[in-house]
>>> print(open('final.txt').read())   # compact mmCIF, C-alpha atoms
# COMPACT_ATOMS: atom_id res chain seq x y z
CA MET E 1 -11.33 -0.70 -23.14
CA TRP E 2 -14.75 0.06 -24.63
CA LEU E 3 -15.68 0.75 -28.25
CA LEU E 4 -18.84 2.85 -28.41
CA LEU E 5 -20.53 2.20 -31.76
CA ARG E 6 -22.48 4.72 -33.79
CA PRO E 7 -26.27 4.63 -33.30
CA GLU E 8 -26.93 2.71 -36.52
CA ALA E 9 -23.98 0.31 -36.28
CA LYS E 10 -24.26 -3.40 -35.37
CA PRO E 11 -21.52 -5.31 -33.51
CA ASP E 12 -21.54 -8.61 -35.45
CA ALA E 13 -18.89 -7.83 -38.07
CA LEU E 14 -16.55 -6.25 -35.53
CA LEU E 15 -16.92 -9.18 -33.13
CA ALA E 16 -16.02 -11.59 -35.94
CA TYR E 17 -12.96 -9.53 -36.87
CA LEU E 18 -11.81 -9.30 -33.24
CA SER E 19 -12.23 -13.04 -32.87
CA GLU E 20 -10.01 -13.64 -35.91
CA LYS E 21 -7.31 -11.44 -34.29
CA ALA E 22 -7.66 -13.32 -30.97
CA ILE E 23 -8.74 -10.13 -29.18
CA PRO E 24 -11.14 -11.02 -26.33
CA ALA E 25 -14.39 -9.07 -26.74
CA HIS E 26 -18.06 -9.07 -25.93
CA ALA E 27 -20.94 -6.78 -26.91
CA LEU E 28 -23.36 -4.95 -24.64
CA GLN E 29 -26.51 -3.16 -25.82
CA LEU E 30 -26.96 0.32 -24.35
CA GLY E 31 -30.50 1.31 -25.21
CA GLU E 32 -30.61 1.59 -28.99
CA ARG E 33 -26.87 1.41 -29.55
CA TRP E 34 -24.06 -1.06 -28.90
CA ALA E 35 -20.71 -1.04 -27.13
CA ILE E 36 -17.97 -3.64 -27.30
CA GLU E 37 -15.66 -4.32 -24.36
CA ILE E 38 -12.24 -5.55 -25.44
CA ILE E 39 -8.84 -6.41 -24.03
CA PRO E 40 -6.64 -4.55 -26.52
CA ASN E 41 -3.59 -6.87 -26.37
CA GLY E 42 -1.15 -4.11 -27.20
CA TYR E 43 -3.34 -2.24 -29.69
CA LEU E 44 -3.48 1.52 -29.21
CA PRO E 45 -6.92 3.16 -28.91
CA GLU E 46 -6.31 5.09 -32.15
CA ALA E 47 -6.26 1.83 -34.12
CA PHE E 48 -9.91 1.10 -33.35
CA LEU E 49 -11.03 4.55 -34.47
CA ARG E 50 -10.19 3.54 -38.05
CA TRP E 51 -13.40 1.48 -38.12
CA GLU E 52 -16.38 3.46 -39.41
CA GLU E 53 -18.71 1.77 -36.94
CA VAL E 54 -16.77 3.10 -33.93
CA GLU E 55 -17.74 6.54 -32.70
CA LYS E 56 -15.57 6.70 -29.59
CA VAL E 57 -12.89 4.69 -27.81
CA ILE E 58 -13.11 4.75 -24.03
CA GLY E 59 -9.55 3.85 -23.12
CA PRO E 60 -8.15 1.92 -20.17
CA PRO E 61 -7.48 3.76 -16.89
CA ARG E 62 -4.42 5.95 -17.14
CA GLY E 63 -1.68 6.12 -14.58
CA ALA E 64 -1.51 3.68 -11.69
CA PRO E 65 -5.04 3.10 -10.35
CA LEU E 66 -4.08 0.31 -7.92
CA VAL E 67 -1.35 2.49 -6.41
CA THR E 68 -3.54 5.58 -6.06
CA GLN E 69 -6.53 3.66 -4.69
CA TRP E 70 -4.66 1.27 -2.36
CA LYS E 71 -6.28 1.18 1.09
CA GLY E 72 -4.79 -2.03 2.45
CA GLU E 73 -2.87 -2.86 5.59
CA LEU E 74 0.56 -4.42 5.96
CA SER E 75 1.73 -6.63 8.79
CA LEU E 76 5.47 -6.08 9.22
CA GLY E 77 6.71 -7.66 12.42
CA ALA E 78 6.01 -5.58 15.53
CA TRP E 79 5.62 -2.32 13.60
CA GLN E 80 2.27 -0.56 13.91
CA ARG E 81 1.74 2.04 11.25
CA GLY E 82 1.29 5.49 12.73
CA LYS E 83 2.75 4.52 16.12
CA GLY E 84 6.38 5.19 15.20
CA PRO E 85 8.85 4.86 12.33
CA LEU E 86 9.47 1.48 10.75
CA TRP E 87 13.09 0.44 11.27
CA ILE E 88 14.77 -1.86 8.75
CA ALA E 89 18.47 -2.35 9.46
CA GLY E 90 21.37 -4.69 8.85
CA PRO E 91 24.47 -5.15 6.74
CA CYS E 92 24.71 -4.39 3.05
CA SER E 93 26.01 -7.94 2.46
CA VAL E 94 25.73 -10.97 4.71
CA GLU E 95 29.40 -11.84 5.09
CA GLU E 96 29.71 -14.17 8.06
CA LYS E 97 27.25 -16.23 10.09
CA SER E 98 28.49 -15.45 13.60
CA SER E 99 28.68 -11.68 13.06
CA LEU E 100 25.21 -11.65 11.48
CA LEU E 101 23.65 -13.49 14.42
CA SER E 102 25.37 -11.18 16.91
CA LEU E 103 24.33 -8.05 15.02
CA ALA E 104 20.74 -9.28 14.60
CA THR E 105 20.50 -9.83 18.36
CA ASP E 106 21.79 -6.32 19.04
CA LEU E 107 19.45 -4.73 16.50
CA GLN E 108 16.45 -6.53 17.94
CA ALA E 109 17.41 -5.30 21.41
CA VAL E 110 17.45 -1.61 20.38
CA GLY E 111 14.07 -1.75 18.63
CA VAL E 112 14.62 -2.68 14.98
CA HIS E 113 11.53 -4.20 13.35
CA ILE E 114 13.03 -5.93 10.30
CA LEU E 115 16.49 -7.36 9.62
CA ARG E 116 17.94 -6.52 6.20
CA GLY E 117 20.85 -8.29 4.56
CA GLY E 118 22.11 -8.97 1.05
CA ALA E 119 22.47 -12.60 -0.06
CA PHE E 120 22.89 -12.13 -3.81
CA LYS E 121 24.47 -8.77 -4.63
CA ALA E 122 24.22 -6.86 -7.91
CA ARG E 123 27.49 -4.95 -8.25
CA THR E 124 28.71 -2.52 -10.89
CA SER E 125 32.09 -4.22 -11.12
CA PRO E 126 32.16 -7.95 -11.93
CA TYR E 127 35.17 -8.23 -9.61
CA ALA E 128 33.34 -6.91 -6.54
CA PHE E 129 31.91 -9.17 -3.84
CA GLN E 130 28.69 -10.72 -5.18
CA GLY E 131 27.38 -12.18 -1.91
CA TRP E 132 27.31 -15.74 -0.56
CA GLY E 133 23.95 -16.54 -2.17
CA GLU E 134 21.93 -19.45 -0.79
CA LYS E 135 24.31 -19.90 2.15
CA ALA E 136 23.65 -16.31 3.21
CA LEU E 137 19.90 -16.89 2.97
CA ASP E 138 20.21 -19.78 5.40
CA TRP E 139 22.16 -17.59 7.84
CA LEU E 140 19.41 -14.97 7.63
CA VAL E 141 16.75 -17.58 8.35
CA GLU E 142 18.76 -18.65 11.39
CA ALA E 143 18.96 -15.01 12.51
CA ARG E 144 15.17 -14.75 12.20
CA ALA E 145 14.71 -17.88 14.30
CA LEU E 146 17.06 -16.48 16.94
CA THR E 147 15.59 -12.97 17.18
CA GLY E 148 12.06 -13.16 15.79
CA LEU E 149 12.89 -10.36 13.34
CA PRO E 150 11.27 -10.62 9.90
CA LEU E 151 13.67 -10.58 6.95
CA CYS E 152 14.07 -8.05 4.14
CA VAL E 153 16.20 -9.45 1.30
CA GLU E 154 16.82 -8.06 -2.18
CA VAL E 155 15.68 -10.05 -5.21
CA ILE E 156 17.93 -9.64 -8.24
CA SER E 157 16.83 -12.53 -10.50
CA GLU E 158 13.73 -14.59 -11.22
CA LYS E 159 15.75 -17.78 -10.82
CA HIS E 160 16.25 -17.05 -7.11
CA LEU E 161 12.56 -16.62 -6.28
CA SER E 162 12.03 -20.27 -5.40
CA LEU E 163 14.80 -19.95 -2.80
CA TYR E 164 13.04 -16.97 -1.22
CA ALA E 165 9.68 -18.74 -1.29
CA GLU E 166 11.10 -21.88 0.35
CA ARG E 167 12.53 -19.78 3.19
CA ASN E 168 9.41 -17.62 3.47
CA VAL E 169 11.30 -14.32 3.24
CA ASP E 170 8.98 -11.78 4.83
CA LEU E 171 9.68 -8.61 2.83
CA LEU E 172 11.11 -8.80 -0.68
CA GLN E 173 13.23 -5.90 -1.88
CA ILE E 174 13.44 -4.72 -5.48
CA GLY E 175 16.62 -2.67 -5.78
CA ALA E 176 17.03 0.52 -7.75
CA ARG E 177 18.76 -1.32 -10.59
CA ASN E 178 15.71 -3.54 -11.10
CA MET E 179 12.89 -1.05 -10.61
CA ASP E 180 12.14 -1.16 -14.34
CA ASN E 181 12.85 -4.88 -14.82
CA TYR E 182 9.18 -5.54 -15.49
CA TRP E 183 9.37 -9.31 -15.84
CA LEU E 184 11.10 -9.52 -12.47
CA LEU E 185 8.41 -7.26 -10.98
CA LYS E 186 5.66 -9.55 -12.24
CA GLU E 187 7.31 -12.74 -11.03
CA THR E 188 8.13 -11.23 -7.63
CA GLY E 189 4.59 -9.92 -7.20
CA ASN E 190 3.30 -13.43 -7.87
CA LEU E 191 4.82 -14.61 -4.58
CA GLY E 192 2.13 -12.66 -2.71
CA LYS E 193 4.57 -11.00 -0.30
CA PRO E 194 4.89 -7.31 0.60
CA ILE E 195 7.64 -5.64 -1.40
CA LEU E 196 10.01 -2.77 -0.71
CA LEU E 197 10.50 -0.98 -4.04
CA LYS E 198 13.49 1.32 -4.34
CA ARG E 199 13.35 4.17 -6.81
CA ASN E 200 15.75 4.02 -9.73
CA PRO E 201 17.99 7.12 -9.51
CA GLN E 202 16.92 8.08 -13.05
CA ALA E 203 13.20 7.39 -12.56
CA THR E 204 10.41 9.94 -12.61
CA LEU E 205 7.61 9.69 -10.07
CA GLU E 206 5.30 8.27 -12.74
CA GLU E 207 7.77 5.54 -13.67
CA TRP E 208 8.27 4.64 -10.02
CA LEU E 209 4.54 4.40 -9.32
CA LEU E 210 3.95 2.33 -12.46
CA ALA E 211 6.59 -0.12 -11.25
CA ALA E 212 4.60 -0.38 -8.01
CA GLU E 213 1.48 -0.91 -10.13
CA TYR E 214 3.13 -3.95 -11.75
CA LEU E 215 3.73 -5.42 -8.29
CA LEU E 216 0.20 -4.83 -7.02
CA LEU E 217 -1.35 -6.07 -10.24
CA SER E 218 0.72 -9.27 -10.01
CA GLY E 219 -0.44 -10.09 -6.49
CA ALA E 220 1.71 -8.20 -3.98
CA PRO E 221 -0.50 -7.24 -1.00
CA GLY E 222 1.36 -3.96 -0.57
CA VAL E 223 4.42 -2.00 -1.66
CA LEU E 224 6.73 0.13 0.46
CA LEU E 225 7.95 3.00 -1.72
CA CYS E 226 11.60 3.68 -0.89
CA GLU E 227 13.33 6.92 -1.88
CA ARG E 228 17.11 6.41 -2.03
CA GLY E 229 18.39 9.39 -3.97
CA ILE E 230 18.39 10.44 -7.61
CA ARG E 231 21.25 11.21 -9.97
CA THR E 232 21.79 14.91 -10.67
CA PHE E 233 24.68 17.08 -11.83
CA ASP E 234 25.99 17.38 -8.25
CA ARG E 235 28.05 14.43 -7.00
CA THR E 236 29.01 15.84 -3.59
CA LEU E 237 27.00 13.02 -2.05
CA ARG E 238 26.56 9.63 -3.66
CA TYR E 239 23.10 10.71 -4.87
CA THR E 240 20.85 13.73 -4.40
CA PHE E 241 18.21 12.80 -1.85
CA ASP E 242 14.83 13.88 -3.25
CA ILE E 243 13.27 15.08 -0.02
CA GLY E 244 10.39 16.75 -1.85
CA ILE E 245 9.08 13.49 -3.28
CA LEU E 246 7.97 12.28 0.18
CA PRO E 247 5.08 14.75 0.71
CA VAL E 248 4.09 14.21 -2.92
CA LEU E 249 3.84 10.46 -2.28
CA ALA E 250 1.75 11.15 0.82
CA HIS E 251 -0.67 13.09 -1.38
CA ASP E 252 -0.77 10.64 -4.29
CA THR E 253 -0.99 7.26 -2.52
CA SER E 254 -1.52 5.68 0.88
CA LEU E 255 1.26 3.14 0.32
CA PRO E 256 3.94 3.37 3.04
CA ARG E 257 6.81 5.78 2.40
CA ILE E 258 10.32 4.62 3.31
CA ALA E 259 13.67 6.41 3.01
CA ASP E 260 17.15 4.97 2.49
CA PRO E 261 19.62 7.61 3.73
CA SER E 262 22.58 5.21 3.47
CA HIS E 263 22.61 5.03 -0.33
CA ALA E 264 21.71 8.69 -0.77
CA ALA E 265 24.58 9.80 1.49
CA GLY E 266 27.27 7.36 0.46
CA HIS E 267 29.15 8.29 3.66
CA TRP E 268 28.27 7.43 7.25
CA ARG E 269 28.71 11.05 8.37
CA TYR E 270 25.65 12.22 6.42
CA VAL E 271 23.29 9.30 7.06
CA GLU E 272 21.85 10.74 10.28
CA PRO E 273 20.91 14.23 8.98
CA LEU E 274 19.34 12.76 5.84
CA ALA E 275 17.39 10.26 7.93
CA LEU E 276 16.03 12.98 10.21
CA ALA E 277 15.16 15.18 7.24
CA ALA E 278 13.28 12.27 5.63
CA LEU E 279 11.14 11.76 8.73
CA ALA E 280 10.43 15.49 8.90
CA ALA E 281 9.30 15.42 5.26
CA GLY E 282 6.90 12.52 5.74
CA ALA E 283 8.83 9.25 5.62
CA GLU E 284 7.19 6.53 7.72
CA GLY E 285 10.28 4.40 8.04
CA LEU E 286 13.98 4.09 7.38
CA ILE E 287 16.17 1.37 5.94
CA VAL E 288 19.72 1.81 7.21
CA GLU E 289 22.90 -0.15 6.60
CA VAL E 290 24.54 -1.26 9.86
CA HIS E 291 27.69 -3.36 10.14
CA PRO E 292 29.51 -4.67 13.24
CA ASP E 293 32.83 -3.50 11.76
CA PRO E 294 32.36 -1.22 8.73
CA LEU E 295 36.11 -1.06 8.09
CA SER E 296 36.04 -4.76 7.18
CA ALA E 297 32.81 -4.64 5.15
CA ARG E 298 33.09 -6.14 1.67
CA SER E 299 30.52 -3.77 0.17
CA ASP E 300 29.43 -0.18 0.93
CA ALA E 301 31.98 0.11 3.75
CA THR E 302 31.96 3.92 3.71
CA GLN E 303 28.25 4.38 4.28
CA GLN E 304 27.50 1.70 6.88
CA LEU E 305 26.94 2.73 10.49
CA THR E 306 28.36 1.05 13.55
CA LEU E 307 25.86 -0.22 16.09
CA SER E 308 26.55 2.72 18.40
CA GLN E 309 26.07 5.24 15.56
CA PHE E 310 22.85 3.53 14.56
CA THR E 311 21.55 3.48 18.13
CA ALA E 312 22.16 7.23 18.44
CA LEU E 313 20.27 7.80 15.18
CA LEU E 314 17.38 5.60 16.28
CA GLU E 315 16.95 7.50 19.54
CA LYS E 316 16.98 10.90 17.81
CA ALA E 317 14.66 9.74 15.03
CA ASN E 318 12.12 8.22 17.43
CA SER E 319 12.14 11.43 19.46
CA LEU E 320 11.64 13.52 16.32
CA TYR E 321 8.79 11.29 15.17
CA THR E 322 7.06 11.67 18.54
CA THR E 323 7.41 15.45 18.32
CA LEU E 324 6.00 15.52 14.78
CA HIS E 325 3.20 13.04 15.53
CA PRO E 326 2.15 13.46 19.15
CA ILE E 327 -0.12 10.70 20.40
CA SER E 328 -3.40 12.06 21.70
CA PRO E 329 -4.28 10.99 25.25
CA ALA E 330 -6.89 8.24 25.46
>>> encode(input="final.txt", output="structure tokens")
Amino acid sequence: MWLLLRPEAKPDALLAYLSEKAIPAHALQLGERWAIEIIPNGYLPEAFLRWEEVEKVIGPPRGAPLVTQWKGELSLGAWQRGKGPLWIAGPCSVEEKSSLLSLATDLQAVGVHILRGGAFKARTSPYAFQGWGEKALDWLVEARALTGLPLCVEVISEKHLSLYAERNVDLLQIGARNMDNYWLLKETGNLGKPILLKRNPQATLEEWLLAAEYLLLSGAPGVLLCERGIRTFDRTLRYTFDIGILPVLAHDTSLPRIADPSHAAGHWRYVEPLALAALAAGAEGLIVEVHPDPLSARSDATQQLTLSQFTALLEKANSLYTTLHPISPA
């Protein structure tokens, strides 16, 4: 933030005052007048206009400048951006080692790029299955070693971050419940890993992008923005999938756009049409819940696809993507 002083004003008294308040500042002479650059430390621009020496406050950048100006690249397994949709798939919760390893092998064989799986689960009811924690993380690491698939695992608490760092989790997920948990965003960004950020079902676009700004500002090399449905008056589906937000994201930022049809649908029957609609609207990838036996799943049983259902979706979605984005001949 800059304080532009009036032509006759000198900066000395203001610099002394700012020093007393522990506000970092330095003065710069602009021709015959002075300006002071400060880090406001929570002060609003209007507060500095109370000083007679200050003619104008040039405030900090509004909005999310890192998000809107991001031009980076992300390395996510075998996925090449623009060559096809990114596929992230796996069970809602990691429930058993043998079934996870078998499913991971099958998913790798059909073309999935990243294996997802919940180790620590945030659940609405305290009596619901909360995940196997560190044990599940170790099973996921073993699945990565077996298949070569990078891992996408949700972070729900700062105290777990050291566990994720030790196991070099490839893609960290911030769930919808934690999108506006700003301390968690900062600490997760500090790990320097790409992050999949799900939109809170109550969040506006601005709030969502500012959450991504926290992550980029804290050191994340990139953020995958994941639409997973918003809460409206209609509860026919689990959430209302905001299909219109995808082309808006494409206009406002070059960060990758991902869709989660599983949580928006809440029922396996509607996952495929929502997934195809998301790709048609501009999603660059999909994160889909897949379980070897959904009837026995301990969380989100209704919305998880079987391997055969997922394979059928993947084939249709890849075909649709090719139709929408034909590759020009060399």
>>> residues_around(input="final.txt", residues="Glu187 in chain E", least_positions_apart="2", cutoff="10 Å", atoms="all atoms listed in the file", output="list in words")
Ser157, Glu158, Lys159, Leu161, Tyr182, Trp183, Leu184, Leu185, Gly189, Asn190, Leu191, Gly192, Tyr214, Leu215, Ser218 and Gly219 of chain E
>>> atom_distance(input="final.txt", atom1="CA of Leu172 in chain E", atom2="CA of Val153 in chain E")
5.5 Å
>>> closest_atom_pairs(input="final.txt", of="range 149-204 of chain E", to="range 248-272 of chain E", cutoff="10 Å", atoms="all atoms listed in the file", output="CSV")
residue,atom,partner,partner_atom,distance
E:Leu196,CA,E:Ile258,CA,8.4
E:Leu197,CA,E:Ile258,CA,9.2
E:Lys198,CA,E:Asp260,CA,8.6
E:Pro201,CA,E:Ala264,CA,9.6
>>> atom_distance(input="final.txt", atom1="CA of Asn41 in chain E", atom2="CA of Ile174 in chain E")
27.0 Å
>>> closest_residue(input="final.txt", among="E:Gly244, E:Gly175, E:Pro91, E:Gly111", to="Ala136 in chain E", atoms="only C-alpha atoms")
E:Pro91
>>> residues_around(input="final.txt", residues="Ile245 in chain E", least_positions_apart="5", cutoff="12 Å", atoms="only C-alpha atoms", output="ChimeraX atom specification")
/E:199,203-206,208-209,225-230,240,250-253,257-259,278,281-283
>>> atom_distance(input="final.txt", atom1="CA of Ile114 in chain E", atom2="CA of Leu76 in chain E")
7.6 Å
>>> closest_residue(input="final.txt", among="E:Ala301, E:Met179, E:Cys92, E:Leu286", to="Gln130 in chain E", atoms="only C-alpha atoms")
E:Cys92
>>> closest_residue(input="final.txt", among="E:Ala317, E:Met1, E:Ala145, E:Ile195", to="Val223 in chain E", atoms="all atoms listed in the file")
E:Ile195
